[in-house]
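Student: Just so it is clear, I am handing over model27.cif, which has mmCIF, C-alpha atoms.
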data_my_file
loop_
_atom_site.label_atom_id
_atom_site.label_comp_id
_atom_site.auth_asym_id
_atom_site.auth_seq_id
_atom_site.Cartn_x
_atom_site.Cartn_y
_atom_site.Cartn_z
CA MET A 1 9.75 26.57 -72.36
CA ILE A 2 11.81 24.09 -70.33
CA TYR A 3 10.64 21.31 -72.63
CA LEU A 4 11.81 23.20 -75.73
CA LEU A 5 15.13 24.20 -74.17
CA SER A 6 15.77 20.63 -73.00
CA LYS A 7 15.42 19.42 -76.62
CA ILE A 8 18.17 21.85 -77.58
CA PHE A 9 20.61 21.64 -74.66
CA ILE A 10 20.12 18.24 -72.98
CA LYS A 11 21.27 14.99 -74.55
CA ASN A 12 19.39 11.85 -73.53
CA ARG A 13 16.79 14.18 -72.03
CA THR A 14 14.38 11.37 -71.13
CA GLN A 15 16.96 9.45 -69.08
CA TYR A 16 16.09 11.23 -65.85
CA GLU A 17 18.05 8.78 -63.65
CA ASN A 18 21.27 9.52 -65.55
CA PRO A 19 23.44 11.78 -63.31
CA VAL A 20 24.50 13.94 -66.27
CA THR A 21 20.89 14.37 -67.45
CA ARG A 22 19.47 15.20 -64.00
CA ARG A 23 22.28 17.70 -63.43
CA ALA A 24 21.51 19.35 -66.77
CA TYR A 25 17.81 19.62 -65.91
CA GLY A 26 18.62 21.02 -62.48
CA MET A 27 20.92 23.70 -63.89
CA LEU A 28 18.52 24.56 -66.74
CA CYS A 29 15.56 25.01 -64.37
CA SER A 30 17.71 27.03 -61.95
CA ILE A 31 18.92 29.38 -64.70
CA MET A 32 15.33 29.81 -65.89
CA GLY A 33 14.32 30.64 -62.30
CA ILE A 34 17.04 33.30 -62.03
CA VAL A 35 16.01 34.93 -65.32
CA LEU A 36 12.26 34.90 -64.61
CA ASN A 37 12.64 36.17 -61.04
CA VAL A 38 14.87 39.04 -62.14
CA ILE A 39 12.28 39.98 -64.80
CA LEU A 40 9.48 39.79 -62.20
CA PHE A 41 11.53 41.94 -59.83
CA ALA A 42 11.96 44.61 -62.51
CA LEU A 43 8.25 44.55 -63.49
CA LYS A 44 6.95 44.76 -59.92
CA LEU A 45 9.45 47.48 -59.02
CA LEU A 46 8.29 49.44 -62.08
CA VAL A 47 4.63 49.03 -61.04
CA GLY A 48 5.47 50.09 -57.50
CA LEU A 49 7.29 53.19 -58.67
CA LEU A 50 4.54 54.14 -61.14
CA THR A 51 1.71 53.70 -58.65
CA GLY A 52 3.53 54.57 -55.45
CA SER A 53 2.42 51.22 -53.98
CA ILE A 54 4.75 50.31 -51.11
CA SER A 55 3.42 46.73 -50.84
CA ILE A 56 4.10 46.04 -54.54
CA MET A 57 7.63 47.42 -54.27
CA ALA A 58 8.23 45.28 -51.18
CA ASP A 59 6.93 42.22 -53.04
CA SER A 60 9.37 42.95 -55.88
CA TYR A 61 12.32 42.45 -53.54
CA ASN A 62 10.84 39.09 -52.58
CA ASN A 63 11.33 38.06 -56.22
CA LEU A 64 14.92 39.23 -56.01
CA SER A 65 15.45 36.92 -53.02
CA ASP A 66 13.81 34.12 -55.03
CA ALA A 67 16.40 34.70 -57.74
CA GLY A 68 18.97 34.15 -54.99
CA SER A 69 17.34 30.81 -54.12
CA SER A 70 17.51 29.77 -57.76
CA LEU A 71 21.16 30.84 -57.85
CA LEU A 72 21.80 28.69 -54.78
CA SER A 73 20.04 25.80 -56.50
CA LEU A 74 22.24 26.34 -59.59
CA PHE A 75 25.43 26.17 -57.51
CA GLY A 76 24.09 23.07 -55.77
CA PHE A 77 23.55 21.20 -59.03
CA LYS A 78 26.81 22.43 -60.54
CA PHE A 79 29.05 21.39 -57.65
CA ALA A 80 27.08 18.20 -56.92
CA GLY A 81 27.99 17.04 -60.41
CA LYS A 82 31.73 17.35 -59.84
CA LYS A 83 33.63 14.11 -60.34
CA ALA A 84 34.91 12.09 -57.40
CA SER A 85 38.42 12.88 -56.22
CA ASP A 86 41.00 11.45 -53.85
CA ASP A 87 39.63 13.66 -51.08
CA ARG A 88 35.97 12.99 -52.00
CA PRO A 89 35.93 9.39 -53.29
CA PHE A 90 32.12 9.26 -53.12
CA GLY A 91 31.66 12.43 -55.16
CA HIS A 92 29.99 15.73 -54.22
CA GLY A 93 26.32 14.78 -54.64
CA ARG A 94 25.28 15.72 -51.10
CA ILE A 95 25.96 19.39 -51.90
CA GLU A 96 22.56 19.31 -53.62
CA TYR A 97 20.99 18.27 -50.32
CA ILE A 98 22.78 21.14 -48.55
CA ALA A 99 21.41 23.61 -51.13
CA GLY A 100 17.89 22.29 -50.55
CA LEU A 101 18.37 22.60 -46.78
CA VAL A 102 19.46 26.25 -47.06
CA ILE A 103 16.48 27.06 -49.31
CA GLY A 104 14.16 25.40 -46.77
CA ILE A 105 15.69 27.49 -43.96
CA ILE A 106 15.21 30.65 -46.04
CA ILE A 107 11.51 29.76 -46.48
CA VAL A 108 11.15 29.30 -42.70
CA ILE A 109 12.82 32.67 -42.05
CA VAL A 110 10.50 34.38 -44.55
CA GLY A 111 7.48 32.72 -42.93
CA VAL A 112 8.44 33.78 -39.40
CA SER A 113 9.27 37.31 -40.57
CA THR A 114 5.90 37.58 -42.38
CA LEU A 115 4.06 36.35 -39.29
CA ARG A 116 5.78 38.98 -37.17
CA ASP A 117 4.86 41.74 -39.64
CA SER A 118 1.25 40.51 -39.85
CA ILE A 119 0.87 40.56 -36.06
CA LEU A 120 2.29 44.10 -35.93
CA ASN A 121 -0.13 45.16 -38.70
CA LEU A 122 -3.05 43.75 -36.68
CA ILE A 123 -1.91 45.50 -33.52
CA ASN A 124 -1.39 48.84 -35.29
CA ASN A 125 -4.42 48.43 -37.61
CA VAL A 126 -2.33 49.07 -40.72
CA LYS A 127 -4.47 49.56 -43.84
CA PRO A 128 -3.60 47.63 -47.04
CA ASP A 129 -2.21 49.57 -50.00
CA ALA A 130 -4.74 49.58 -52.86
CA SER A 131 -3.09 52.29 -54.95
CA ALA A 132 -1.99 49.81 -57.62
CA PHE A 133 -5.60 49.34 -58.71
CA ASP A 134 -5.87 52.90 -59.90
CA ASP A 135 -3.79 51.95 -62.96
CA LEU A 136 -5.02 49.30 -65.47
CA THR A 137 -1.48 48.68 -66.75
CA ALA A 138 -0.31 47.92 -63.22
CA ILE A 139 -3.15 45.43 -62.75
CA ILE A 140 -2.22 43.63 -65.99
CA ILE A 141 1.47 43.47 -65.03
CA ILE A 142 0.64 42.07 -61.58
CA ALA A 143 -1.63 39.42 -63.14
CA VAL A 144 1.15 38.45 -65.55
CA THR A 145 3.66 38.08 -62.69
CA ILE A 146 1.27 35.70 -60.90
CA LEU A 147 0.88 33.59 -64.07
CA VAL A 148 4.66 33.44 -64.49
CA LYS A 149 5.03 32.24 -60.92
CA ILE A 150 2.41 29.54 -61.52
CA TYR A 151 4.47 28.37 -64.49
CA MET A 152 7.57 28.28 -62.27
CA ILE A 153 5.70 26.10 -59.77
CA PHE A 154 4.76 23.70 -62.55
CA TYR A 155 8.18 23.15 -64.05
CA ASN A 156 10.02 22.99 -60.70
CA VAL A 157 7.64 20.44 -59.22
CA TYR A 158 7.31 18.45 -62.46
CA TYR A 159 11.02 18.13 -63.18
CA GLY A 160 11.82 17.92 -59.47
CA LYS A 161 9.78 14.71 -59.36
CA LYS A 162 11.29 13.47 -62.63
CA ILE A 163 14.88 13.77 -61.38
CA ASN A 164 13.98 13.19 -57.71
CA SER A 165 15.40 16.51 -56.48
CA GLN A 166 14.40 17.88 -53.07
CA THR A 167 16.10 21.15 -54.00
CA MET A 168 13.85 21.75 -57.02
CA LYS A 169 10.78 20.73 -55.02
CA ALA A 170 11.76 23.32 -52.39
CA VAL A 171 12.14 26.01 -55.09
CA GLY A 172 8.72 25.02 -56.47
CA MET A 173 7.21 25.29 -52.98
CA ASP A 174 8.81 28.74 -52.64
CA SER A 175 7.12 29.81 -55.89
CA LEU A 176 3.76 28.44 -54.71
CA LEU A 177 4.04 30.45 -51.51
CA ASP A 178 4.80 33.58 -53.55
CA VAL A 179 1.65 33.06 -55.63
CA ILE A 180 -0.50 32.60 -52.54
CA SER A 181 1.11 35.56 -50.78
CA THR A 182 0.82 37.95 -53.73
CA THR A 183 -2.74 36.86 -54.53
CA LEU A 184 -3.89 37.33 -50.94
CA VAL A 185 -2.19 40.72 -50.65
CA LEU A 186 -3.94 41.91 -53.82
CA THR A 187 -7.27 40.33 -52.80
CA CYS A 188 -7.16 42.07 -49.43
CA ALA A 189 -6.34 45.35 -51.16
CA ILE A 190 -9.32 44.94 -53.52
CA ILE A 191 -11.68 44.08 -50.65
CA TYR A 192 -10.47 47.08 -48.67
CA LYS A 193 -10.72 49.41 -51.69
CA PHE A 194 -14.35 48.57 -52.42
CA THR A 195 -15.72 47.61 -48.96
CA GLY A 196 -13.43 49.23 -46.41
CA VAL A 197 -13.01 45.87 -44.62
CA ASN A 198 -9.40 45.30 -43.53
CA LEU A 199 -8.40 41.60 -43.72
CA ASP A 200 -4.75 42.19 -44.54
CA GLY A 201 -3.30 41.26 -41.14
CA TYR A 202 -5.39 38.10 -40.78
CA CYS A 203 -4.58 36.87 -44.28
CA GLY A 204 -0.92 37.67 -43.79
CA ALA A 205 -0.82 35.66 -40.56
CA LEU A 206 -2.54 32.70 -42.25
CA VAL A 207 -0.13 32.75 -45.20
CA SER A 208 2.90 33.09 -42.92
CA ILE A 209 1.88 30.02 -40.93
CA PHE A 210 1.52 28.08 -44.17
CA ILE A 211 4.92 29.33 -45.39
CA THR A 212 6.61 28.38 -42.13
CA TYR A 213 5.08 24.90 -42.17
CA ALA A 214 6.13 24.33 -45.79
CA GLY A 215 9.66 25.47 -44.98
CA ILE A 216 9.86 23.14 -41.99
CA MET A 217 8.74 20.21 -44.17
CA ALA A 218 11.38 21.10 -46.80
CA VAL A 219 14.06 21.26 -44.09
CA LYS A 220 12.87 17.94 -42.65
CA ASP A 221 13.10 16.20 -46.04
CA THR A 222 16.62 17.43 -46.79
CA ILE A 223 17.86 16.72 -43.25
CA GLY A 224 16.59 13.17 -43.73
CA ASP A 225 18.69 12.87 -46.88
CA LEU A 226 21.78 14.27 -45.15
CA LEU A 227 21.50 12.16 -42.00
CA GLY A 228 20.55 9.00 -43.87
CA LYS A 229 17.05 7.58 -44.17
CA LYS A 230 15.44 4.29 -45.03
CA PRO A 231 15.47 3.60 -48.80
CA GLU A 232 12.22 3.54 -50.73
CA ARG A 233 10.41 0.20 -50.61
CA GLU A 234 10.32 0.12 -54.42
CA LEU A 235 14.14 0.22 -54.57
CA VAL A 236 14.46 -2.47 -51.87
CA ASN A 237 12.05 -4.77 -53.74
CA GLN A 238 13.95 -4.17 -56.98
CA ILE A 239 17.24 -5.13 -55.29
CA TYR A 240 15.71 -8.31 -53.84
CA SER A 241 14.21 -9.19 -57.22
CA ILE A 242 17.51 -8.84 -59.07
CA VAL A 243 19.57 -10.79 -56.52
CA LEU A 244 17.04 -13.57 -55.92
CA SER A 245 16.56 -14.10 -59.66
CA HIS A 246 19.71 -16.22 -59.40
CA ASN A 247 18.55 -19.67 -58.30
CA GLU A 248 21.75 -20.35 -56.38
CA ILE A 249 21.01 -17.42 -54.03
CA LEU A 250 18.57 -18.68 -51.39
CA GLY A 251 18.06 -15.56 -49.29
CA VAL A 252 19.13 -11.97 -48.70
CA HIS A 253 19.76 -10.12 -45.46
CA ASP A 254 21.77 -7.22 -43.99
CA LEU A 255 20.88 -4.98 -46.94
CA VAL A 256 22.23 -1.44 -46.58
CA VAL A 257 21.79 1.40 -49.11
CA HIS A 258 24.43 4.11 -48.69
CA ASP A 259 23.23 7.42 -50.20
CA TYR A 260 25.91 9.84 -51.41
CA GLY A 261 23.59 12.18 -53.28
CA PRO A 262 20.87 11.79 -55.94
CA GLY A 263 21.84 9.07 -58.38
CA ARG A 264 24.93 8.15 -56.34
CA PHE A 265 24.52 5.22 -53.99
CA MET A 266 26.22 2.06 -52.86
CA ILE A 267 24.52 -1.22 -51.98
CA SER A 268 25.90 -3.84 -49.60
CA LEU A 269 24.12 -7.07 -48.68
CA HIS A 270 24.61 -10.68 -47.60
CA ALA A 271 23.48 -13.45 -49.95
CA GLU A 272 22.71 -16.89 -48.55
CA VAL A 273 23.93 -19.81 -50.67
CA SER A 274 24.23 -23.55 -50.16
CA GLY A 275 27.37 -24.54 -48.27
CA GLU A 276 27.52 -27.74 -50.32
CA GLU A 277 27.90 -25.96 -53.70
CA ASP A 278 31.22 -25.34 -55.45
CA ILE A 279 32.72 -22.09 -54.10
CA TYR A 280 34.06 -21.00 -57.52
CA LYS A 281 30.65 -21.45 -59.12
CA LEU A 282 29.00 -19.44 -56.31
CA HIS A 283 31.61 -16.70 -56.63
CA ASP A 284 30.71 -16.38 -60.32
CA VAL A 285 26.99 -16.17 -59.42
CA ILE A 286 27.69 -13.39 -56.91
CA ASP A 287 29.76 -11.48 -59.50
CA ASN A 288 26.91 -11.72 -62.02
CA ALA A 289 24.40 -10.47 -59.43
CA MET A 290 26.60 -7.47 -58.63
CA ASP A 291 27.04 -6.67 -62.32
CA GLU A 292 23.25 -6.70 -62.80
CA LEU A 293 22.69 -4.43 -59.79
CA ASP A 294 25.31 -1.96 -60.99
CA LYS A 295 23.94 -1.90 -64.54
CA GLU A 296 20.21 -1.74 -63.79
CA LEU A 297 20.33 0.59 -60.77
CA GLY A 298 23.41 2.68 -61.61
CA CYS A 299 25.00 1.91 -58.26
CA VAL A 300 28.09 0.29 -56.78
CA SER A 301 27.26 -3.02 -55.11
CA ILE A 302 29.04 -5.32 -52.69
CA ILE A 303 27.67 -8.78 -51.89
CA HIS A 304 28.97 -10.92 -49.05
CA LEU A 305 28.55 -14.65 -49.57
CA ASP A 306 26.93 -16.50 -46.63
CA PRO A 307 26.98 -20.32 -46.81
CA ILE A 308 24.09 -22.14 -45.10
CA CYS A 309 23.40 -25.83 -44.55
CA THR A 310 20.82 -27.21 -47.00
CA SER A 311 21.54 -30.95 -46.92
CA ASP A 312 20.69 -31.66 -43.26
CA GLU A 313 16.93 -31.83 -42.68
CA ARG A 314 17.39 -31.45 -38.91
CA VAL A 315 19.14 -28.11 -39.37
CA THR A 316 16.46 -26.92 -41.80
CA LYS A 317 13.68 -27.94 -39.40
CA ALA A 318 15.41 -26.32 -36.41
CA ARG A 319 15.93 -23.08 -38.37
CA ILE A 320 12.21 -22.92 -39.22
CA GLU A 321 11.18 -23.62 -35.61
CA VAL A 322 13.60 -21.05 -34.17
CA ALA A 323 12.26 -18.44 -36.62
CA LYS A 324 8.79 -19.07 -35.16
CA VAL A 325 9.95 -19.00 -31.52
CA VAL A 326 11.73 -15.62 -31.74
CA LYS A 327 8.47 -14.05 -32.96
CA LEU A 328 6.99 -14.73 -29.52
CA LEU A 329 9.00 -11.69 -28.42
CA ASP A 330 8.05 -9.56 -31.46
CA GLN A 331 6.42 -10.61 -34.73
CA ARG A 332 8.86 -8.48 -36.74
CA ILE A 333 12.02 -10.30 -35.61
CA THR A 334 13.73 -12.40 -38.30
CA VAL A 335 16.55 -14.92 -38.18
CA HIS A 336 19.48 -15.58 -40.52
CA ASP A 337 22.89 -17.29 -40.57
CA PHE A 338 21.50 -20.20 -38.55
CA ARG A 339 23.88 -23.03 -37.60
CA MET A 340 23.75 -26.04 -35.28
CA VAL A 341 26.78 -27.29 -33.35
CA GLU A 342 26.09 -30.53 -31.48
CA GLY A 343 28.06 -31.53 -28.36
CA PRO A 344 27.93 -34.35 -25.80
CA SER A 345 25.73 -32.44 -23.32
CA HIS A 346 23.87 -29.86 -25.42
CA THR A 347 23.42 -28.36 -28.87
CA ASN A 348 24.33 -24.76 -29.76
CA PHE A 349 21.89 -22.82 -31.92
CA ILE A 350 23.97 -20.04 -33.46
CA PHE A 351 22.14 -17.30 -35.37
CA ASP A 352 21.66 -13.57 -35.97
CA ALA A 353 18.36 -11.96 -34.94
CA VAL A 354 17.21 -8.79 -36.73
CA VAL A 355 15.04 -6.65 -34.46
CA PRO A 356 13.14 -3.41 -35.22
CA HIS A 357 14.61 -0.08 -34.09
CA ASP A 358 11.51 0.84 -32.05
CA LEU A 359 11.58 -2.25 -29.83
CA LYS A 360 11.59 -0.94 -26.25
CA LEU A 361 14.45 -3.18 -25.14
CA THR A 362 18.23 -2.89 -25.26
CA ASP A 363 20.16 -5.30 -27.45
CA LEU A 364 21.37 -7.08 -24.32
CA GLU A 365 17.81 -7.47 -23.03
CA VAL A 366 16.67 -8.78 -26.43
CA LYS A 367 19.53 -11.28 -26.46
CA GLN A 368 18.70 -12.53 -22.96
CA LYS A 369 14.98 -12.90 -23.67
CA LEU A 370 15.59 -14.75 -26.94
CA GLU A 371 18.04 -17.07 -25.21
CA GLU A 372 15.37 -17.83 -22.60
CA LEU A 373 12.77 -18.51 -25.31
CA VAL A 374 15.07 -20.90 -27.15
CA SER A 375 16.04 -22.74 -23.96
CA ALA A 376 12.37 -23.04 -22.94
CA ASN A 377 11.23 -24.40 -26.32
CA PHE A 378 14.14 -26.69 -27.23
CA LYS A 379 15.51 -29.41 -24.95
CA ASP A 380 19.24 -29.39 -24.13
CA THR A 381 20.00 -26.36 -26.25
CA ASN A 382 22.05 -23.22 -25.82
CA ALA A 383 21.46 -20.11 -27.96
CA VAL A 384 24.38 -18.04 -29.25
CA ILE A 385 22.72 -14.93 -30.64
CA LYS A 386 23.93 -11.75 -32.34
CA VAL A 387 21.35 -8.96 -32.28
CA GLU A 388 21.17 -6.70 -35.35
CA LYS A 389 19.05 -3.81 -36.63
CA SER A 390 17.50 -3.50 -40.08
CA TYR A 391 18.50 -0.62 -42.37
CA VAL A 392 15.66 -1.02 -44.88
#
Please lay out the structure from this file as structure tokens.
Tutor:
Amino acid sequence: MIYLLSKIFIKNRTQYENPVTRRAYGMLCSIMGIVLNVILFALKLLVGLLTGSISIMADSYNNLSDAGSSLLSLFGFKFAGKKASDDRPFGHGRIEYIAGLVIGIIIVIVGVSTLRDSILNLINNVKPDASAFDDLTAIIIIAVTILVKIYMIFYNVYYGKKINSQTMKAVGMDSLLDVISTTLVLTCAIIYKFTGVNLDGYCGALVSIFITYAGIMAVKDTIGDLLGKKPERELVNQIYSIVLSHNEILGVHDLVVHDYGPGRFMISLHAEVSGEEDIYKLHDVIDNAMDELDKELGCVSIIHLDPICTSDERVTKARIEVAKVVKLLDQRITVHDFRMVEGPSHTNFIFDAVVPHDLKLTDLEVKQKLEELVSANFKDTNAVIKVEKSYV
């Protein structure tokens, strides 16, 4: 259904990275979720009223709340697609993350509430309601509602991955939990009807734990997007590949990916170039690299030009040796912006050291230890070090 509707309503429907296309898919899937959940609510409520099944009627209102989640998702995609303004120069893309966070919180609340009810049912030995199985029409309608929910899982997860939307993945997870919950409720009712064995409370507790865990994971993912997380390695490698394809660029460091919502990000990095080359030529190379990044990745890029010495073999050798020495403190430490300043009594080694975030030392302690390592391994030298952290 989504596939057919996308052919009618979405232009460039295979360009999933395009902000307009991903917004269109998000809104289409959200509207479909609202419609289907309202239909499921009406069907289950009808079954509950016809059979007098309290559990089926209660489950119908769960579908109504799911329609609310889809409505929240719709608003998230709609407002996230608003154009940038003077007040919001980076756009409104993070609203989609907020919508996903709220949906995740709703899932957690449902899970905790279900766990509480299941524990109370166990304590009070509440019997499951099997009245729905006295009516063949009711059984068919319930089976159809489960199949519809399975379809909703499929399209939310499938297109959520295509457009990289945590919000749609959260909605898909919500639908999966509904399928599991409804199926277990009905299974327990069938078992009780024909065997008299009451498993309702135990199954409810198991499902509620699963729901709560899934909600916590959804919240964790969206909080990571809101707070800022390390970019995917594939994106980092793609950035390096594009920039380093220019022969004049000798190295890349201080790469930062600023995320302002799905499909909206800014890249800043430092590009090492030969200090002996013509500055106007290098400026043109940097401009070309930025144009390629912007075109191929759909981002806004900023590249800072860092000149390094390439004509002095002593500087090159010292840079290589220093890069080895700093790894005596931690193998993950890297060096960039290396310079040598020679004086009458000693030589200054000036460089930046990039250290991992989980190193159990303060920046000052790292600086002092690296200075000691350099002094111990190089005669008549003094290290001038700036300690940095990596953002990729």
Student: Written as a PyMOL selection string, what is the full residue list that the PyMOL selection byres ((chain A and resi 348) around 7) yields on the file shown?
Tutor: chain A and resi 340-342+346-347+349-350+381-384
Student: Given the choices A:Asn156, A:Ser241, A:Thr195, A:Ser60, which gets closest to Ile39 (chain A) if the distance is worked out from all atoms listed in the file?
Tutor: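 That would be A:Ser60, the residue with the smallest distance to Ile39 (chain A).
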Student: Evaluate the PyMOL selection byres ((chain A and resi 185) around 8) here and jot the selected residues down as a list in words.
Tutor: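 With the shown file as input, the PyMOL selection byres ((chain A and resi 185) around 8) matches Pro128, Ser181, Thr182, Thr183, Leu184, Leu186, Thr187, Cys188, Ala189, Asp200, Cys203 and Gly204 of chain A.
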Student: Quick one: everything within 12 Å of region 358-365 of chain A, counting only C-alpha atoms, minus sequence neighbours fewer than 5 positions away in the same chain. Send it as a list in words.
Tutor: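 Contacts, in chain order: Leu329, Asp330, Gln331, Arg332, Ile333, Asp352, Ala353, Leu370, Glu371, Glu372, Ile385, Lys386, Val387, Glu388, Lys389 and Ser390 of chain A.
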Student: List the residues selected by the PyMOL selection byres ((chain A and resi 158) around 12) in the file shown, writing them as a PyMOL selection string.
Tutor: chain A and resi 2-3+16+25-26+29+151-157+159-166+168-169+171-173
Student: Would you mind exporting C-alpha atoms of the selected residues as a CSV table (one decimal), keeping the file's coordinate frame?
Tutor:
chain,number,residue,atom,x,y,z
A,2,ILE,CA,11.8,24.1,-70.3
A,3,TYR,CA,10.6,21.3,-72.6
A,16,TYR,CA,16.1,11.2,-65.8
A,25,TYR,CA,17.8,19.6,-65.9
A,26,GLY,CA,18.6,21.0,-62.5
A,29,CYS,CA,15.6,25.0,-64.4
A,151,TYR,CA,4.5,28.4,-64.5
A,152,MET,CA,7.6,28.3,-62.3
A,153,ILE,CA,5.7,26.1,-59.8
A,154,PHE,CA,4.8,23.7,-62.6
A,155,TYR,CA,8.2,23.2,-64.0
A,156,ASN,CA,10.0,23.0,-60.7
A,157,VAL,CA,7.6,20.4,-59.2
A,159,TYR,CA,11.0,18.1,-63.2
A,160,GLY,CA,11.8,17.9,-59.5
A,161,LYS,CA,9.8,14.7,-59.4
A,162,LYS,CA,11.3,13.5,-62.6
A,163,ILE,CA,14.9,13.8,-61.4
A,164,ASN,CA,14.0,13.2,-57.7
A,165,SER,CA,15.4,16.5,-56.5
A,166,GLN,CA,14.4,17.9,-53.1
A,168,MET,CA,13.8,21.8,-57.0
A,169,LYS,CA,10.8,20.7,-55.0
A,171,VAL,CA,12.1,26.0,-55.1
A,172,GLY,CA,8.7,25.0,-56.5
A,173,MET,CA,7.2,25.3,-53.0
Student: What does the distance between CA of Val236 (chain A) and CA of Asp337 (chain A) come to in Å, to one decimal place?
Tutor: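 That distance, rounded to one decimal, is 20.5 Å.
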Student: What's around Gln15 (chain A) at 12 Å? Count only C-alpha atoms, leave out sequence neighbours fewer than 6 positions away in its own chain, and write the answer as a compact mmCIF listing (two decimals) with C-alpha atoms, keeping the file's coordinate frame.
Tutor:
# COMPACT_ATOMS: atom_id res chain seq x y z
CA SER A 6 15.77 20.63 -73.00
CA THR A 21 20.89 14.37 -67.45
CA ARG A 22 19.47 15.20 -64.00
CA ARG A 23 22.28 17.70 -63.43
CA ALA A 24 21.51 19.35 -66.77
CA TYR A 25 17.81 19.62 -65.91
CA LYS A 162 11.29 13.47 -62.63
CA ILE A 163 14.88 13.77 -61.38
CA GLY A 263 21.84 9.07 -58.38
CA GLY A 298 23.41 2.68 -61.61
